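J.: Here's a structure for you.
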Amino acid sequence: MPVPLAPYPTPPGSSTTPASGAQSQLVCSGCRNLLLYPVGATSVCCAVCNAVNPVPPPGTEMAQLVCGCCHTLLMYIRGATSVHCSCCHTVNLALEANQVAHVNCENCRMLLMYQYGARSVKCAVCNFVTSVGGSASAAPEQKFNS
């Protein structure tokens, strides 16, 4: 049975919920559950694992990626070059949209994403290595614009 999420207790006499009732979200650093919190809060306590999660400052742009090892969704501050997975401790490379390109796997046709300029990319589904750098047999690459 899911446990409902409770807001982090606030000191008496202060209110962290704006009049509009706007909310934001982050992924719990302890159990990876999605936490909702009122805009303006400085931290949020997870009702599932009791981890206290700091809230990024207002206006901070966040991004997401899937861990290359355990496939956990990770949230990080946009602009970071690497993201440490709190589940499996893998350090994941965080690329901006203008640093990645796409190609279809030559074996199973799965759309693959790779660092722009790489010579080949290995498919995570079938483990086939597709050549992307300068080979006439490689599928045409598409640069991903931001």
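Naming scheme: A, B, ... for chains in displayed order of the structure tokens; residues 1 onward per chain; ligands 1 onward as shown.
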Skipping near chain neighbours, those fewer than 4 positions away, what residues fall within 6 Å of A:Val100 using only C-alpha atoms, listed as a list in words?
T.: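 Neighbouring residues, sequence-local ones excluded: Tyr114, Gln115 and Tyr116 of chain A.
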J.: Using the selection just defined, write its residues with all heavy atoms as a PDB file, in the first residue's frame.
T.:
```
ATOM      1  N   TYR A 114      24.119   9.284 -28.882  1.00  0.00           N
ATOM      2  CA  TYR A 114      25.544   9.180 -28.602  1.00  0.00           C
ATOM      3  C   TYR A 114      26.165  10.565 -28.618  1.00  0.00           C
ATOM      4  O   TYR A 114      25.585  11.522 -29.126  1.00  0.00           O
ATOM      5  CB  TYR A 114      26.232   8.264 -29.623  1.00  0.00           C
ATOM      6  CG  TYR A 114      26.163   8.772 -31.043  1.00  0.00           C
ATOM      7  CD1 TYR A 114      27.197   9.535 -31.577  1.00  0.00           C
ATOM      8  CD2 TYR A 114      25.056   8.497 -31.845  1.00  0.00           C
ATOM      9  CE1 TYR A 114      27.117  10.006 -32.876  1.00  0.00           C
ATOM     10  CE2 TYR A 114      24.985   8.966 -33.143  1.00  0.00           C
ATOM     11  CZ  TYR A 114      26.020   9.722 -33.642  1.00  0.00           C
ATOM     12  OH  TYR A 114      25.953  10.198 -34.925  1.00  0.00           O
ATOM     13  N   GLN A 115      27.350  10.663 -28.033  1.00  0.00           N
ATOM     14  CA  GLN A 115      28.046  11.940 -28.005  1.00  0.00           C
ATOM     15  C   GLN A 115      28.456  12.327 -29.407  1.00  0.00           C
ATOM     16  O   GLN A 115      29.043  11.530 -30.148  1.00  0.00           O
ATOM     17  CB  GLN A 115      29.268  11.866 -27.099  1.00  0.00           C
ATOM     18  CG  GLN A 115      29.949  13.200 -26.922  1.00  0.00           C
ATOM     19  CD  GLN A 115      31.028  13.166 -25.850  1.00  0.00           C
ATOM     20  OE1 GLN A 115      31.305  12.133 -25.277  1.00  0.00           O
ATOM     21  NE2 GLN A 115      31.631  14.314 -25.601  1.00  0.00           N
ATOM     22  N   TYR A 116      28.122  13.539 -29.814  1.00  0.00           N
ATOM     23  CA  TYR A 116      28.430  14.021 -31.144  1.00  0.00           C
ATOM     24  C   TYR A 116      29.931  13.913 -31.391  1.00  0.00           C
ATOM     25  O   TYR A 116      30.730  14.310 -30.570  1.00  0.00           O
ATOM     26  CB  TYR A 116      27.949  15.462 -31.302  1.00  0.00           C
ATOM     27  CG  TYR A 116      27.989  15.949 -32.717  1.00  0.00           C
ATOM     28  CD1 TYR A 116      27.115  15.444 -33.663  1.00  0.00           C
ATOM     29  CD2 TYR A 116      28.902  16.904 -33.116  1.00  0.00           C
ATOM     30  CE1 TYR A 116      27.142  15.878 -34.974  1.00  0.00           C
ATOM     31  CE2 TYR A 116      28.945  17.352 -34.423  1.00  0.00           C
ATOM     32  CZ  TYR A 116      28.066  16.828 -35.346  1.00  0.00           C
ATOM     33  OH  TYR A 116      28.099  17.256 -36.640  1.00  0.00           O
TER      34      TYR A 116
END
```
J.: Could you jot down the atom CA of A:Thr90 to atom CA of A:Cys28 separation for me, Å, one decimal place?
T.: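 Distance between the two atoms: 17.3 Å.
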J.: Could you list, as a PyMOL selection string, every residue within 10 Å of stretch 82-85 of chain A, counting only C-alpha atoms and ignoring same-chain residues fewer than 3 positions away?
T.: chain A and resi 29+64-77+79+88-95
J.: Which one is closest to A:Ala41: A:Pro57, A:Cys126, A:Val27, A:Thr81? Count only C-alpha atoms.
T.: A:Pro57
